[in-house]
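To start, the structure itself, in structure tokens.
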Amino acid sequence: MLRKIRITLAALFFVGITLLLLDFTGTLHHWLGWMARVQFLPAVLALNAVVIIALLLLTLVFGRIYCSVVCPLGVMQDVISHFNRRKNRFTHSPALTWLRLAMLVVLVVAVALGIGSLVALLAPYSSYGRIATNLLQPLYLWCNNGLASIAEHYESYAFYSREVWLRSLPTFIIALLTLCVIGVLAWRGGRTYCNTICPVGTVLGYVARFSWLKVYFDADKCRSCSLCTKNCKASCIDYKSHTVDYTRCVACGNCLDKCKFDALHYGHPKKQESKSEKQAPATDQARRAFLVGGAIVAADVALAQAGKKVDGGLAVIEDKQPARRTVPLTPPGSQSAANMARHCTACQLCVAKCPNDVLRPSTDLKTLMQPTMSYERGFCRPECTRCSEVCPAGAILPIDVAQKSGIQIGHAVWVRDNCVILADGVECGNCARHCPSEAIIMTPSDPNDDESPMVPAVDRAKCIGCGACEYVCPARPFSAIYVEGNEQHSSV
Amino acid sequence: MKKNNISRRNFLKAVGLGSAIVATPAIVSCATGDKSKEQQEPPVGKMTYRTNPKTGEQVSLLGYGMMRLPTVNQNGSAREDGENEIDQEMVNRQVDYAIEHGVNYFDTSPAYCQGKSEHCTGIALARHKREEFFIATKLSNFSPDTWSREASIAMFQNSLKELQVDYIDYLLLHGIGMGEDGMEEYKERYVSNGILNYLVDQREKGIIRNLGFSYHGDIAVFDYLLQMQDNGEIQWDFVQIELNYLDWKHAKEINERNTDAEYLYGELTKRHIPAVIMEPLLGGRLAKLPDAMARKLLARDPEHSVASWAFRYAGTPQGVLTVLSGMTFMHHLKENLCTYSPLKPLTDEEMRWLDKEVADELMSYNTIPCNDCKYCMPCPYGIDIPAIFVHYNKCLTEGNVIREAQSSEYGKARRAFLIGYDRSVPKLRQADHCIGCGQCAPHCPQRIRIPHELHRIAQYVEAIKQGQDAPAAE
């Protein structure tokens, strides 16, 4: 019964979070956004006291059910493990306490030093976020696009198509590797990852030791048949000594159902159990494989956009290259590069939500996979505040449209050599025409000659760095006007 | 399964019985049934013909325009899919069908279909006897590279070769009056290089049977060319003009640099010059009217299409030699054949109704007068100009351009406009990428201020993306 409740709740959470990560229409997060906000590590980074206390209390009462229900990466492992039909395949193994603590220390140090990329690699929810957005969202979009073309056929506007593109190769590779490694570990050993690497698992595990409700043995009834141990995906039950390692038990309830003699109970135990002994066998290939983040996988990715054909009546449009910004752009609401680095767990939720194809994971080593902006496919539109609405980690704080129009995330810079006005000798002014803050004025290129071609000049005081100018600039492959980031956002 | 079959058969039987009963009263007037078939399958041998006063030849009132030929990837909006290769097999079938039903005038140009039209027309027509068809082609003027005497002669000779003929029935100076300065362009293109004399010479030799010009734009050039005839300097055997119920009285109103068809046609009939009509449908816009307008036309004649009114309008004046239609699809061809086999001329009252009520009301929609001829293309900055205008006009006529955010229909219209926009024009080819260089404008036969209109549309799109009121139309 307990198991069924757990499975139902887990399924609800898992499907909900997955849909939240896949949705591109900007509607689902109004209903499901809280599912991301109750994730442990993002809540910690957001200093969301309510959620943290609630989760700790939850764990203190029920044990690590967070890992069995709320964490999508945990549930994903259960799903994968479920498909391995070999019966009774688990064994009891001693805890790898040193590795778990080491990983926790690494995370704490990384957070303290603001090494976002390391935090991102260790955060379980973010790992799932990357898997869902990098590997699953393209499939989701393609299905949607299929529906959209059917809708188009019937002149219906129920579906609209979205371009599928590879936002960042390194992040894609990391997502793929994460899935492979965790997938293999889950297939073979159940919750190996959760009980050796995952720092959230470690923290909650040590809290769960003191939980009010837990799984315990009724030694009188136990016949030492070993079924509980063989069916424990956390490898935490030692049937011989009648002990359960509560730091690793995720309160899934599988053992309760398996026991034929009613020797296992979930409740408040009458007497304290002795701790399990410590030994250290080898499961650290998991860690090694996992951390080979930057390794190369020959992923001749189906995602890579095939070059578009154009018919003879249309000029070929050369692809724009991202501008080489000395200071990367972070979205409005993130306040500063430092705030972003401190809080972001690189779960990709904002990236998946960006309707203008502006956000993408950073490829910079220090901020690896954290969101950064570029304007080849669109610009940060004035009416949109979606990324700030969804961020669970406080990396992008909520803002409204009015606030957004005054936040200077960067400033436009004109590149004389690229400008078509001077290079092609044509009239343009498209940047000035599309500037939502009217920060660009057209002025004679030769201040002493009013007849000379009009070129854009940027009023830094007004520019908010939205990138409309960069996006509509006809110069290719590099725009003649681009946005340079502000390390600290300011207001107009 | 078996059971299902039986029940289905029973069901059909019941339905059949039912419909037989319902149909009984209709049997009395058998003609109704036949008539509706007539509207689908045009009759053979009923085509209306007009006589060329110079040669006495009988020209079919329906002329086949070879500018909008069917392509292999013919799926509406997907303009960027594939190479837009012309579907020769379909061209052949449609040409065969047209000839079989009495069409004998085929109008092409070296510039049409990105230069492929003459070739494809030649292939299709070479399968027929030379005396079964008249061919019209043009000395085109799109690129100044082709303006030298040598290049012009080469263009003409190439037309003969591509069309696989040794004489041209109707040759036109293409797009007289177009360009920044229509008069200057005319002189440079046809006079100073002596090419007009060359063409007159070819006419004397019989390589050209009829010499004329097609006119767009600057009225001064039109008047000047007719003046030449009045002065006895040249004889125009025919002139091609734009004529339809919108342009008859409103061309100048739509764009002050254009001239009403009423004047153009009047000047030609005064001189007994036969008129060849282009854009009878305004690039299809008169076939796909705003809902309220379409309802009006259909209410007046439920059995004939909206387009048929425009064709009857263009074909009714006796000075019209032939009416050109770029029939991409077989069903276009059939529909038009039905209208002209034979032509049922408009009554004076019907004419007035179209001129006044229909055209006046149509004017209130403020559509952009783009006929999707693609002369403006390719835009050097990659904008798909006609696709943008077509989409905008479509939304305008479907009531999906709503400027007031408080309107209850705003949300629905906004969605239709924006989703449809992305469907019909790739993002980077949309109006917001127009830089306003103005290189397109001189090529537009409708003399649309293209950059101005694109910026206006971009502004509208920006406003509705933000969910705000859009600036009022001009």
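Note on naming: chains are A, B, ... as they come in the structure tokens, residues start from 1 per chain, ligands start from 1 in the order shown.
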Shell of 12 Å around Arg386 of chain A, only C-alpha atoms, local chain residues under 4 positions omitted, as a PyMOL selection string:
chain A and resi 23-30+33+331-333+349-356+358-359+380-382+390-391+396-401+404
Preceding selection exported with C-alpha atoms as an mmCIF file, in the first residue's frame:
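This went into result30.cif:
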data_model
loop_
_atom_site.group_PDB
_atom_site.id
_atom_site.type_symbol
_atom_site.label_atom_id
_atom_site.label_comp_id
_atom_site.auth_asym_id
_atom_site.auth_seq_id
_atom_site.Cartn_x
_atom_site.Cartn_y
_atom_site.Cartn_z
ATOM 1 C CA ASP A 23 6.765 22.860 -22.394
ATOM 2 C CA PHE A 24 7.707 25.726 -24.684
ATOM 3 C CA THR A 25 4.416 27.575 -24.754
ATOM 4 C CA GLY A 26 4.908 29.338 -21.428
ATOM 5 C CA THR A 27 1.627 28.118 -19.982
ATOM 6 C CA LEU A 28 2.483 25.077 -17.887
ATOM 7 C CA HIS A 29 4.808 26.815 -15.462
ATOM 8 C CA HIS A 30 1.895 28.712 -13.999
ATOM 9 C CA GLY A 33 6.348 25.823 -11.554
ATOM 10 C CA PRO A 331 19.040 37.589 -18.437
ATOM 11 C CA PRO A 332 17.162 40.463 -16.803
ATOM 12 C CA GLY A 333 16.409 39.565 -13.212
ATOM 13 C CA LEU A 349 14.507 25.253 -17.266
ATOM 14 C CA CYS A 350 14.893 28.871 -18.343
ATOM 15 C CA VAL A 351 16.689 27.829 -21.517
ATOM 16 C CA ALA A 352 13.919 25.423 -22.405
ATOM 17 C CA LYS A 353 11.343 28.099 -21.742
ATOM 18 C CA CYS A 354 12.878 30.967 -23.713
ATOM 19 C CA PRO A 355 10.408 31.620 -26.544
ATOM 20 C CA ASN A 356 12.820 33.807 -28.472
ATOM 21 C CA VAL A 358 17.900 33.832 -26.882
ATOM 22 C CA LEU A 359 18.981 31.787 -23.861
ATOM 23 C CA CYS A 380 15.009 39.508 -25.462
ATOM 24 C CA ARG A 381 11.501 40.702 -26.179
ATOM 25 C CA PRO A 382 10.001 43.445 -24.047
ATOM 26 C CA VAL A 390 10.445 29.816 -13.743
ATOM 27 C CA CYS A 391 13.864 29.980 -12.093
ATOM 28 C CA ILE A 396 16.935 34.873 -12.117
ATOM 29 C CA LEU A 397 14.660 36.731 -9.740
ATOM 30 C CA PRO A 398 11.072 37.482 -10.683
ATOM 31 C CA ILE A 399 10.567 40.746 -12.553
ATOM 32 C CA ASP A 400 7.589 42.220 -14.357
ATOM 33 C CA VAL A 401 7.411 43.732 -17.801
ATOM 34 C CA LYS A 404 12.295 44.717 -17.375
#
Counting only C-alpha atoms, a student should be able to say which residues of chain B come within 9 Å of chain A; what is the right answer, written as a PyMOL selection string?
chain B and resi 79-84+113-114+374+377-384+415-416+419-420+422-423+427-429+432-438+455+459+462+465-467
Output C-alpha atoms of each residue in that selection to a file, as a tab-separated table (two decimals), in the first residue's frame.
chain	number	residue	atom	x	y	z
B	79	ARG	CA	8.06	28.50	-50.45
B	80	GLU	CA	11.49	27.52	-49.34
B	81	ASP	CA	11.12	23.80	-49.79
B	82	GLY	CA	13.22	22.42	-52.58
B	83	GLU	CA	14.28	24.11	-55.74
B	84	ASN	CA	10.79	25.00	-56.96
B	113	CYS	CA	9.58	31.63	-63.33
B	114	GLN	CA	13.16	32.62	-62.76
B	374	LYS	CA	7.76	38.45	-57.54
B	377	MET	CA	12.67	39.46	-55.79
B	378	PRO	CA	15.23	38.48	-54.82
B	379	CYS	CA	15.69	41.05	-52.09
B	380	PRO	CA	19.44	41.30	-51.51
B	381	TYR	CA	18.83	41.07	-47.76
B	382	GLY	CA	16.73	37.95	-48.05
B	383	ILE	CA	13.29	39.36	-47.29
B	384	ASP	CA	10.41	37.42	-48.84
B	415	ARG	CA	-2.67	34.25	-32.78
B	416	ALA	CA	-3.80	33.65	-36.35
B	419	ILE	CA	1.37	31.81	-36.21
B	420	GLY	CA	0.39	32.18	-39.84
B	422	ASP	CA	5.83	32.25	-39.05
B	423	ARG	CA	4.31	29.55	-41.21
B	427	LYS	CA	11.67	34.47	-39.32
B	428	LEU	CA	14.78	35.90	-40.92
B	429	ARG	CA	12.81	36.79	-44.06
B	432	ASP	CA	11.48	43.38	-39.37
B	433	HIS	CA	14.62	42.50	-41.32
B	434	CYS	CA	13.91	45.02	-44.09
B	435	ILE	CA	16.59	47.66	-43.83
B	436	GLY	CA	14.87	50.03	-46.22
B	437	CYS	CA	17.60	50.08	-48.87
B	438	GLY	CA	14.85	50.55	-51.46
B	455	HIS	CA	8.08	48.81	-41.97
B	459	GLN	CA	5.44	47.89	-36.60
B	462	GLU	CA	5.77	44.33	-32.96
B	465	LYS	CA	3.55	40.68	-30.14
B	466	GLN	CA	3.57	42.97	-27.14
B	467	GLY	CA	-0.20	42.62	-26.91
Please provide the set of residues having any atom within 7 Å of Thr108 of chain B, restricted to only C-alpha atoms, with same-chain residues fewer than 2 positions apart removed, written as a VMD selection string.
chain B and resid 65 to 67 106 112 117 to 118 136 to 137
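As for atom CA of Leu21 of chain A and atom CA of Ala46 of chain A, they are spaced 19.0 Å apart.
In this model, the gap between atom CA of Tyr105 of chain B and atom CA of Phe134 of chain B comes to 4.8 Å.
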List the neighbours of segment 271-281 of chain B out to 10 Å using only C-alpha atoms; skip same-chain residues closer than 5 positions along the sequence, and give me the result as a short mmCIF file (atom, residue, chain, number, x, y, z; two decimals) with N, CA and C atoms, in the first residue's frame.
data_model
loop_
_atom_site.label_atom_id
_atom_site.label_comp_id
_atom_site.auth_asym_id
_atom_site.auth_seq_id
_atom_site.Cartn_x
_atom_site.Cartn_y
_atom_site.Cartn_z
N ARG B 50 -12.18 36.54 -80.07
CA ARG B 50 -12.19 37.91 -80.52
C ARG B 50 -11.29 37.99 -81.74
N THR B 51 -11.57 38.96 -82.60
CA THR B 51 -10.83 39.05 -83.84
C THR B 51 -9.74 40.11 -83.74
N ASN B 52 -8.53 39.73 -84.13
CA ASN B 52 -7.45 40.70 -84.21
C ASN B 52 -7.69 41.53 -85.48
N PRO B 53 -7.94 42.87 -85.32
CA PRO B 53 -8.35 43.67 -86.48
C PRO B 53 -7.28 43.70 -87.58
N LYS B 54 -6.02 43.52 -87.21
CA LYS B 54 -4.96 43.59 -88.22
C LYS B 54 -4.86 42.30 -89.02
N LEU B 61 -10.70 34.22 -75.93
CA LEU B 61 -10.84 35.26 -74.91
C LEU B 61 -10.02 34.91 -73.66
N LEU B 62 -9.86 33.61 -73.42
CA LEU B 62 -9.00 33.21 -72.31
C LEU B 62 -7.58 32.99 -72.83
N GLY B 63 -6.63 33.74 -72.28
CA GLY B 63 -5.24 33.55 -72.64
C GLY B 63 -4.52 32.91 -71.47
N GLY B 65 -1.56 32.61 -69.13
CA GLY B 65 -0.37 33.30 -68.63
C GLY B 65 0.60 32.29 -68.06
N GLY B 212 3.70 45.06 -79.76
CA GLY B 212 2.98 45.90 -78.79
C GLY B 212 3.82 46.10 -77.55
N PHE B 213 3.17 46.59 -76.53
CA PHE B 213 3.90 46.75 -75.27
C PHE B 213 2.98 46.48 -74.09
N SER B 214 3.61 46.11 -72.98
CA SER B 214 2.83 45.98 -71.75
C SER B 214 3.15 47.18 -70.89
N TYR B 215 2.12 47.69 -70.22
CA TYR B 215 2.29 48.96 -69.52
C TYR B 215 2.02 48.83 -68.02
N LEU B 226 1.60 56.19 -77.38
CA LEU B 226 0.42 56.33 -78.23
C LEU B 226 0.54 57.56 -79.13
N GLN B 229 2.25 56.78 -82.23
CA GLN B 229 1.38 56.19 -83.24
C GLN B 229 0.56 57.27 -83.94
N ASP B 230 0.06 58.23 -83.11
CA ASP B 230 -0.72 59.32 -83.70
C ASP B 230 0.12 60.09 -84.70
N GLN B 235 3.37 51.72 -85.51
CA GLN B 235 2.04 51.15 -85.42
C GLN B 235 2.06 50.10 -84.30
N TRP B 236 1.26 50.32 -83.24
CA TRP B 236 1.15 49.30 -82.19
C TRP B 236 0.00 48.38 -82.55
N ASP B 237 0.28 47.09 -82.63
CA ASP B 237 -0.76 46.14 -83.02
C ASP B 237 -1.65 45.75 -81.85
N PHE B 238 -1.12 45.93 -80.66
CA PHE B 238 -1.91 45.63 -79.44
C PHE B 238 -1.16 46.24 -78.26
N VAL B 239 -1.87 46.41 -77.17
CA VAL B 239 -1.24 46.90 -75.94
C VAL B 239 -1.79 46.10 -74.76
N GLN B 240 -0.89 45.75 -73.85
CA GLN B 240 -1.31 44.95 -72.70
C GLN B 240 -1.44 45.86 -71.49
N ILE B 241 -2.63 45.85 -70.90
CA ILE B 241 -2.86 46.70 -69.73
C ILE B 241 -3.51 45.89 -68.60
N GLU B 242 -3.46 46.49 -67.41
CA GLU B 242 -4.09 45.87 -66.25
C GLU B 242 -5.54 46.36 -66.20
N LEU B 243 -6.47 45.42 -66.14
CA LEU B 243 -7.87 45.83 -66.10
C LEU B 243 -8.67 44.86 -65.24
N ASN B 244 -9.38 45.42 -64.29
CA ASN B 244 -10.28 44.64 -63.44
C ASN B 244 -11.19 45.64 -62.73
N TYR B 245 -12.17 45.15 -62.01
CA TYR B 245 -13.15 46.09 -61.47
C TYR B 245 -12.59 46.96 -60.35
N LEU B 246 -11.44 46.60 -59.83
CA LEU B 246 -10.86 47.48 -58.83
C LEU B 246 -10.03 48.59 -59.50
N ASP B 247 -9.30 48.20 -60.54
CA ASP B 247 -8.43 49.17 -61.21
C ASP B 247 -9.20 50.10 -62.16
N LEU B 264 -6.90 54.07 -69.59
CA LEU B 264 -6.03 53.29 -70.48
C LEU B 264 -6.84 52.64 -71.59
N TYR B 265 -7.92 51.99 -71.20
CA TYR B 265 -8.75 51.28 -72.17
C TYR B 265 -9.36 52.28 -73.15
N GLY B 266 -9.78 53.41 -72.62
CA GLY B 266 -10.37 54.43 -73.47
C GLY B 266 -9.40 54.92 -74.53
N LEU B 286 -8.87 38.97 -56.32
CA LEU B 286 -10.29 39.11 -56.62
C LEU B 286 -11.00 37.75 -56.65
N ALA B 287 -10.21 36.68 -56.53
CA ALA B 287 -10.83 35.36 -56.42
C ALA B 287 -11.08 35.03 -54.96
N LYS B 288 -10.24 35.59 -54.09
CA LYS B 288 -10.38 35.30 -52.67
C LYS B 288 -10.70 36.60 -51.94
N ALA B 307 -14.46 34.39 -58.62
CA ALA B 307 -13.50 34.75 -59.67
C ALA B 307 -14.20 35.00 -61.01
N SER B 308 -15.28 34.27 -61.25
CA SER B 308 -15.93 34.38 -62.56
C SER B 308 -16.43 35.80 -62.82
N TRP B 309 -16.81 36.49 -61.76
CA TRP B 309 -17.24 37.89 -61.93
C TRP B 309 -16.10 38.73 -62.50
N ALA B 310 -14.92 38.53 -61.96
CA ALA B 310 -13.77 39.32 -62.41
C ALA B 310 -13.44 39.00 -63.86
N PHE B 311 -13.57 37.73 -64.22
CA PHE B 311 -13.26 37.36 -65.61
C PHE B 311 -14.31 37.90 -66.58
N ARG B 312 -15.54 37.82 -66.15
CA ARG B 312 -16.58 38.36 -67.03
C ARG B 312 -16.39 39.88 -67.17
N TYR B 313 -15.99 40.50 -66.09
CA TYR B 313 -15.77 41.95 -66.13
C TYR B 313 -14.67 42.31 -67.14
N ALA B 314 -13.58 41.54 -67.07
CA ALA B 314 -12.45 41.85 -67.95
C ALA B 314 -12.75 41.47 -69.39
N GLY B 315 -13.60 40.48 -69.59
CA GLY B 315 -13.84 39.99 -70.93
C GLY B 315 -14.97 40.70 -71.66
N PRO B 317 -15.74 44.06 -72.28
CA PRO B 317 -15.48 45.13 -73.25
C PRO B 317 -15.03 44.54 -74.59
N GLN B 318 -15.64 45.04 -75.68
CA GLN B 318 -15.38 44.45 -77.00
C GLN B 318 -13.97 44.71 -77.50
N GLY B 319 -13.33 45.76 -76.97
CA GLY B 319 -11.96 46.05 -77.40
C GLY B 319 -10.93 45.13 -76.80
N VAL B 320 -11.38 44.20 -75.96
CA VAL B 320 -10.43 43.27 -75.33
C VAL B 320 -10.19 42.08 -76.26
N LEU B 321 -8.92 41.84 -76.53
CA LEU B 321 -8.57 40.73 -77.43
C LEU B 321 -8.53 39.42 -76.66
N THR B 322 -7.88 39.46 -75.53
CA THR B 322 -7.79 38.25 -74.71
C THR B 322 -7.51 38.66 -73.27
N VAL B 323 -7.91 37.79 -72.34
CA VAL B 323 -7.70 38.04 -70.92
C VAL B 323 -6.74 36.98 -70.39
N LEU B 324 -5.61 37.44 -69.86
CA LEU B 324 -4.59 36.49 -69.43
C LEU B 324 -4.84 36.05 -68.00
N SER B 325 -4.63 34.78 -67.78
CA SER B 325 -4.74 34.27 -66.42
C SER B 325 -3.63 33.27 -66.19
N GLY B 326 -2.90 33.47 -65.11
CA GLY B 326 -1.82 32.54 -64.76
C GLY B 326 -2.41 31.38 -63.99
N ASN B 371 0.38 41.73 -56.14
CA ASN B 371 -0.20 40.62 -56.88
C ASN B 371 0.71 39.40 -56.89
N CYS B 373 3.71 38.95 -57.98
CA CYS B 373 4.36 38.68 -59.26
C CYS B 373 5.84 38.39 -59.08
#
